[in-house]
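Reproduced below: run_13.cif, with mmCIF, N, CA and C atoms.
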```cif
data_model
loop_
_atom_site.label_atom_id
_atom_site.label_comp_id
_atom_site.auth_asym_id
_atom_site.auth_seq_id
_atom_site.Cartn_x
_atom_site.Cartn_y
_atom_site.Cartn_z
N MET G 1295 101.03 68.75 107.07
CA MET G 1295 101.46 68.90 108.45
C MET G 1295 102.34 70.14 108.57
N THR G 1296 102.06 70.94 109.54
CA THR G 1296 102.83 72.15 109.81
C THR G 1296 103.81 71.86 110.93
N THR G 1297 105.03 72.37 110.81
CA THR G 1297 106.06 72.15 111.81
C THR G 1297 106.28 73.43 112.60
N HIS G 1298 106.35 73.31 113.93
CA HIS G 1298 106.59 74.45 114.81
C HIS G 1298 107.90 74.23 115.56
N VAL G 1299 108.71 75.27 115.67
CA VAL G 1299 109.94 75.23 116.44
C VAL G 1299 109.92 76.41 117.40
N SER G 1300 110.13 76.14 118.67
CA SER G 1300 110.18 77.20 119.67
C SER G 1300 111.62 77.56 119.96
N ALA G 1301 111.87 78.86 120.07
CA ALA G 1301 113.21 79.34 120.42
C ALA G 1301 113.06 80.33 121.57
N VAL G 1302 113.97 80.23 122.54
CA VAL G 1302 113.94 81.13 123.69
C VAL G 1302 115.17 82.02 123.63
N THR G 1303 114.94 83.34 123.63
CA THR G 1303 116.02 84.31 123.64
C THR G 1303 115.74 85.30 124.76
N ASP G 1304 116.68 85.44 125.67
CA ASP G 1304 116.52 86.35 126.80
C ASP G 1304 115.20 86.11 127.54
N GLY G 1305 114.81 84.84 127.68
CA GLY G 1305 113.60 84.50 128.41
C GLY G 1305 112.32 84.68 127.62
N THR G 1306 112.41 85.09 126.36
CA THR G 1306 111.24 85.28 125.52
C THR G 1306 111.13 84.12 124.54
N THR G 1307 109.99 83.43 124.55
CA THR G 1307 109.79 82.29 123.65
C THR G 1307 109.13 82.76 122.37
N ARG G 1308 109.69 82.39 121.25
CA ARG G 1308 109.13 82.68 119.93
C ARG G 1308 108.92 81.35 119.22
N VAL G 1309 107.82 81.22 118.49
CA VAL G 1309 107.52 80.00 117.75
C VAL G 1309 107.67 80.28 116.26
N PHE G 1310 108.52 79.53 115.60
CA PHE G 1310 108.73 79.62 114.16
C PHE G 1310 107.99 78.45 113.51
N THR G 1311 107.20 78.74 112.49
CA THR G 1311 106.34 77.74 111.88
C THR G 1311 106.71 77.53 110.42
N TRP G 1312 106.78 76.28 110.01
CA TRP G 1312 106.99 75.91 108.62
C TRP G 1312 105.67 75.42 108.05
N GLU G 1313 105.24 76.02 106.96
CA GLU G 1313 104.02 75.60 106.28
C GLU G 1313 104.23 74.21 105.68
N GLU G 1314 103.14 73.46 105.57
CA GLU G 1314 103.20 72.13 104.95
C GLU G 1314 103.70 72.27 103.51
N ASP G 1315 104.58 71.38 103.12
CA ASP G 1315 105.15 71.32 101.76
C ASP G 1315 106.01 72.54 101.40
N ALA G 1316 106.50 73.27 102.41
CA ALA G 1316 107.37 74.42 102.13
C ALA G 1316 108.66 73.96 101.49
N ARG G 1317 109.07 74.66 100.45
CA ARG G 1317 110.34 74.39 99.79
C ARG G 1317 111.06 75.71 99.66
N ILE G 1318 112.27 75.79 100.25
CA ILE G 1318 113.08 77.01 100.22
C ILE G 1318 114.50 76.63 99.83
N GLU G 1319 115.02 77.30 98.83
CA GLU G 1319 116.40 77.07 98.41
C GLU G 1319 117.13 78.41 98.39
N VAL G 1320 118.35 78.43 98.92
CA VAL G 1320 119.17 79.64 98.94
C VAL G 1320 120.43 79.35 98.13
N ARG G 1321 120.68 80.21 97.13
CA ARG G 1321 121.87 80.04 96.29
C ARG G 1321 122.72 81.30 96.35
N ASN G 1322 124.02 81.11 96.51
CA ASN G 1322 124.98 82.21 96.50
C ASN G 1322 125.61 82.24 95.12
N LEU G 1323 125.27 83.25 94.33
CA LEU G 1323 125.79 83.36 92.97
C LEU G 1323 126.98 84.31 92.88
N GLY G 1324 127.65 84.50 94.00
CA GLY G 1324 128.82 85.38 94.03
C GLY G 1324 128.42 86.80 94.37
N GLY G 1325 127.89 87.52 93.40
CA GLY G 1325 127.51 88.91 93.62
C GLY G 1325 126.10 89.09 94.12
N GLU G 1326 125.32 88.01 94.17
CA GLU G 1326 123.96 88.12 94.67
C GLU G 1326 123.50 86.80 95.29
N ILE G 1327 122.56 86.92 96.19
CA ILE G 1327 121.96 85.77 96.85
C ILE G 1327 120.56 85.59 96.27
N VAL G 1328 120.21 84.38 95.89
CA VAL G 1328 118.88 84.08 95.37
C VAL G 1328 118.16 83.20 96.38
N ILE G 1329 116.98 83.64 96.78
CA ILE G 1329 116.11 82.82 97.63
C ILE G 1329 114.94 82.41 96.75
N GLU G 1330 114.86 81.12 96.49
CA GLU G 1330 113.80 80.58 95.63
C GLU G 1330 112.90 79.72 96.49
N ALA G 1331 111.59 79.94 96.40
CA ALA G 1331 110.67 79.20 97.26
C ALA G 1331 109.32 79.06 96.57
N ASN G 1332 108.62 77.98 96.93
CA ASN G 1332 107.24 77.85 96.47
C ASN G 1332 106.37 78.72 97.37
N ALA G 1333 105.05 78.75 97.12
CA ALA G 1333 104.16 79.61 97.89
C ALA G 1333 104.23 79.29 99.38
N ALA G 1334 104.26 78.02 99.73
CA ALA G 1334 104.35 77.63 101.15
C ALA G 1334 105.67 78.07 101.76
N GLY G 1335 106.75 78.01 100.97
CA GLY G 1335 108.05 78.46 101.45
C GLY G 1335 108.09 79.96 101.66
N LEU G 1336 107.47 80.72 100.76
CA LEU G 1336 107.42 82.17 100.93
C LEU G 1336 106.60 82.55 102.16
N LYS G 1337 105.50 81.86 102.40
CA LYS G 1337 104.69 82.11 103.60
C LYS G 1337 105.49 81.77 104.85
N THR G 1338 106.28 80.70 104.78
CA THR G 1338 107.12 80.31 105.91
C THR G 1338 108.14 81.40 106.22
N LEU G 1339 108.86 81.88 105.20
CA LEU G 1339 109.85 82.95 105.40
C LEU G 1339 109.19 84.21 105.93
N ALA G 1340 108.03 84.58 105.38
CA ALA G 1340 107.32 85.77 105.86
C ALA G 1340 106.96 85.60 107.33
N GLY G 1341 106.51 84.42 107.70
CA GLY G 1341 106.17 84.16 109.10
C GLY G 1341 107.38 84.27 110.01
N HIS G 1342 108.53 83.75 109.55
CA HIS G 1342 109.76 83.85 110.34
C HIS G 1342 110.13 85.31 110.57
N LEU G 1343 110.04 86.11 109.53
CA LEU G 1343 110.38 87.53 109.65
C LEU G 1343 109.41 88.26 110.57
N LEU G 1344 108.12 87.94 110.47
CA LEU G 1344 107.13 88.56 111.36
C LEU G 1344 107.35 88.14 112.81
N THR G 1345 107.76 86.90 113.02
CA THR G 1345 108.07 86.43 114.38
C THR G 1345 109.22 87.24 114.97
N LEU G 1346 110.27 87.45 114.18
CA LEU G 1346 111.42 88.23 114.66
C LEU G 1346 111.05 89.70 114.87
N ALA G 1347 110.04 90.19 114.16
CA ALA G 1347 109.63 91.59 114.26
C ALA G 1347 108.67 91.86 115.43
N GLN G 1348 108.21 90.80 116.12
CA GLN G 1348 107.25 90.98 117.21
C GLN G 1348 107.81 91.87 118.31
N ASP G 1349 106.91 92.66 118.92
CA ASP G 1349 107.29 93.46 120.08
C ASP G 1349 107.86 92.54 121.16
N GLY G 1350 108.89 92.98 121.81
CA GLY G 1350 109.49 92.20 122.88
C GLY G 1350 110.58 91.25 122.43
N THR G 1351 110.74 91.08 121.11
CA THR G 1351 111.82 90.24 120.62
C THR G 1351 113.11 91.03 120.75
N PRO G 1352 114.10 90.48 121.44
CA PRO G 1352 115.32 91.25 121.71
C PRO G 1352 116.21 91.42 120.49
N ASP G 1353 116.96 92.50 120.50
CA ASP G 1353 117.98 92.75 119.49
C ASP G 1353 118.92 91.55 119.46
N GLY G 1354 119.26 91.09 118.29
CA GLY G 1354 120.18 89.96 118.16
C GLY G 1354 119.49 88.61 118.07
N ALA G 1355 118.17 88.55 118.30
CA ALA G 1355 117.45 87.28 118.15
C ALA G 1355 117.59 86.85 116.69
N HIS G 1356 117.82 85.58 116.47
CA HIS G 1356 118.05 85.12 115.11
C HIS G 1356 117.62 83.67 114.91
N LEU G 1357 117.53 83.29 113.65
CA LEU G 1357 117.16 81.93 113.27
C LEU G 1357 118.11 81.48 112.17
N HIS G 1358 118.75 80.33 112.36
CA HIS G 1358 119.63 79.75 111.35
C HIS G 1358 118.82 78.79 110.49
N LEU G 1359 118.91 78.97 109.19
CA LEU G 1359 118.30 78.04 108.24
C LEU G 1359 119.42 77.40 107.44
N GLU G 1360 119.39 76.06 107.37
CA GLU G 1360 120.42 75.30 106.69
C GLU G 1360 119.77 74.12 106.00
N GLU G 1361 120.57 73.35 105.26
CA GLU G 1361 120.05 72.13 104.61
C GLU G 1361 119.33 71.24 105.61
N SER G 1362 119.91 71.10 106.79
CA SER G 1362 119.35 70.20 107.80
C SER G 1362 118.27 70.87 108.63
N ASN G 1363 117.97 72.15 108.33
CA ASN G 1363 117.02 72.91 109.14
C ASN G 1363 116.18 73.81 108.24
N GLY G 1364 115.35 73.21 107.39
CA GLY G 1364 114.36 73.98 106.64
C GLY G 1364 114.69 74.34 105.21
N LEU G 1365 115.94 74.16 104.76
CA LEU G 1365 116.29 74.50 103.39
C LEU G 1365 116.52 73.25 102.55
N GLU G 1366 116.38 73.41 101.26
CA GLU G 1366 116.60 72.32 100.33
C GLU G 1366 118.07 71.90 100.33
N GLU G 1367 118.31 70.66 99.97
CA GLU G 1367 119.67 70.13 99.88
C GLU G 1367 120.48 70.97 98.89
N GLY G 1368 121.71 71.28 99.26
CA GLY G 1368 122.60 72.07 98.42
C GLY G 1368 122.48 73.57 98.63
N SER G 1369 121.57 73.98 99.51
CA SER G 1369 121.37 75.41 99.77
C SER G 1369 122.51 76.00 100.57
N ALA G 1370 122.77 77.28 100.35
CA ALA G 1370 123.67 78.03 101.21
C ALA G 1370 122.93 78.31 102.51
N SER G 1371 123.65 78.41 103.60
CA SER G 1371 123.03 78.72 104.89
C SER G 1371 122.51 80.15 104.89
N LEU G 1372 121.46 80.39 105.67
CA LEU G 1372 120.84 81.71 105.76
C LEU G 1372 120.54 82.00 107.22
N VAL G 1373 120.89 83.19 107.68
CA VAL G 1373 120.58 83.61 109.04
C VAL G 1373 119.65 84.81 108.95
N LEU G 1374 118.50 84.72 109.63
CA LEU G 1374 117.58 85.85 109.76
C LEU G 1374 117.80 86.42 111.14
N GLU G 1375 118.18 87.68 111.25
CA GLU G 1375 118.53 88.26 112.54
C GLU G 1375 117.89 89.64 112.73
N ARG G 1376 117.40 89.86 113.92
CA ARG G 1376 116.86 91.17 114.26
C ARG G 1376 118.00 92.06 114.74
N CYS G 1377 118.05 93.27 114.20
CA CYS G 1377 119.07 94.23 114.60
C CYS G 1377 118.40 95.60 114.67
N ASP G 1378 118.23 96.12 115.88
CA ASP G 1378 117.56 97.40 116.06
C ASP G 1378 118.52 98.59 116.08
N ASP G 1379 119.82 98.32 115.98
CA ASP G 1379 120.80 99.41 115.90
C ASP G 1379 120.66 100.12 114.57
N GLU G 1380 120.82 101.42 114.60
CA GLU G 1380 120.73 102.20 113.34
C GLU G 1380 122.08 102.42 112.75
#
```
Kindly return the structure encoded in the file as structure tokens.
Amino acid sequence: MTTHVSAVTDGTTRVFTWEEDARIEVRNLGGEIVIEANAAGLKTLAGHLLTLAQDGTPDGAHLHLEESNGLEEGSASLVLERCDDE
């Protein structure tokens, strides 16, 4: 089963999709962040990034990933955010 979540930013609706059996874990090792995922989890993250990269997605649009929202238990929180400022 695939899970879809819709988010509206500045009147623009974006759909974020989680692949079936996706597993994503984020660990903060102090000097580096490790994102560990199975194939479905990597496809899910790639899809999230492509969604944020779509034309018409406003600067500042973002997605919070946490234990209770798509990440494995014990994971550090992760925010994917579009920033078009140079």
**Q.** Exercise: Glu1367 in chain G partners within 10 Å, only C-alpha atoms, chain neighbours under 3 positions left out, as a PyMOL selection string
**A.** chain G and resi 1318-1320+1360-1362+1364+1370
Q: Go ahead and compute the interatomic distance for atom C of Ala1347 in chain G and atom C of Ile1329 in chain G, in Å to one decimal.
A: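 A separation of 21.9 Å between them.
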Within 8 Å of range 1371-1377 of chain G, which residues of range 1329-1353 of chain G come that close, and what is the closest atom pair and distance in Å for each? Count only N, CA and C atoms and give it as CSV.
```
residue,atom,partner,partner_atom,distance
G:His1342,C,G:Leu1374,CA,7.5
G:Leu1343,CA,G:Leu1374,CA,7.4
G:Leu1346,C,G:Arg1376,CA,6.0
G:Ala1347,N,G:Arg1376,CA,6.9
G:Thr1351,C,G:Arg1376,CA,7.5
G:Pro1352,C,G:Arg1376,C,6.1
G:Asp1353,CA,G:Arg1376,C,4.8
```
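Computed from the coordinates, the CA of Gly1335 in chain G to CA of Arg1321 in chain G distance equals 14.8 Å.
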**Q.** Residue list (alpha helix (DSSP H), DSSP) for chain G, as an MDAnalysis selection string
**A.** chainID G and resid 1333:1347
Can you write out the residues you just picked, keeping N, CA and C atoms, as a short mmCIF file (atom, residue, chain, number, x, y, z; two decimals), in the coordinates of the input?
```cif
data_model
loop_
_atom_site.label_atom_id
_atom_site.label_comp_id
_atom_site.auth_asym_id
_atom_site.auth_seq_id
_atom_site.Cartn_x
_atom_site.Cartn_y
_atom_site.Cartn_z
N ALA G 1333 105.05 78.75 97.12
CA ALA G 1333 104.16 79.61 97.89
C ALA G 1333 104.23 79.29 99.38
N ALA G 1334 104.26 78.02 99.73
CA ALA G 1334 104.35 77.63 101.15
C ALA G 1334 105.67 78.07 101.76
N GLY G 1335 106.75 78.01 100.97
CA GLY G 1335 108.05 78.46 101.45
C GLY G 1335 108.09 79.96 101.66
N LEU G 1336 107.47 80.72 100.76
CA LEU G 1336 107.42 82.17 100.93
C LEU G 1336 106.60 82.55 102.16
N LYS G 1337 105.50 81.86 102.40
CA LYS G 1337 104.69 82.11 103.60
C LYS G 1337 105.49 81.77 104.85
N THR G 1338 106.28 80.70 104.78
CA THR G 1338 107.12 80.31 105.91
C THR G 1338 108.14 81.40 106.22
N LEU G 1339 108.86 81.88 105.20
CA LEU G 1339 109.85 82.95 105.40
C LEU G 1339 109.19 84.21 105.93
N ALA G 1340 108.03 84.58 105.38
CA ALA G 1340 107.32 85.77 105.86
C ALA G 1340 106.96 85.60 107.33
N GLY G 1341 106.51 84.42 107.70
CA GLY G 1341 106.17 84.16 109.10
C GLY G 1341 107.38 84.27 110.01
N HIS G 1342 108.53 83.75 109.55
CA HIS G 1342 109.76 83.85 110.34
C HIS G 1342 110.13 85.31 110.57
N LEU G 1343 110.04 86.11 109.53
CA LEU G 1343 110.38 87.53 109.65
C LEU G 1343 109.41 88.26 110.57
N LEU G 1344 108.12 87.94 110.47
CA LEU G 1344 107.13 88.56 111.36
C LEU G 1344 107.35 88.14 112.81
N THR G 1345 107.76 86.90 113.02
CA THR G 1345 108.07 86.43 114.38
C THR G 1345 109.22 87.24 114.97
N LEU G 1346 110.27 87.45 114.18
CA LEU G 1346 111.42 88.23 114.66
C LEU G 1346 111.05 89.70 114.87
N ALA G 1347 110.04 90.19 114.16
CA ALA G 1347 109.63 91.59 114.26
C ALA G 1347 108.67 91.86 115.43
#
```
Q: Please identify which residues in chain G DSSP calls strand (DSSP E) from the backbone, and express them as a ChimeraX atom specification.
A: /G:1297-1303,1306-1312,1318-1322,1327-1331,1356-1359,1372-1375
Q. Between G:Val1328, G:Leu1359, G:Leu1339, G:Ala1334, which has the minimum distance to Asp1315 in chain G (counting all atoms listed in the file)?
A.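 Selected residue with least distance to Asp1315 in chain G: G:Ala1334.
Note that the spacing between CA of Ala1316 in chain G and CA of Asn1332 in chain G amounts to 6.6 Å.
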Q: Compare G:Asn1363, G:Thr1345, G:Ser1369, G:Thr1338 by their minimum atom-to-atom distance to Val1309 in chain G, counting only C-alpha atoms, and give me the closest one.
A: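 Smallest distance to Val1309 in chain G is found for G:Thr1345.
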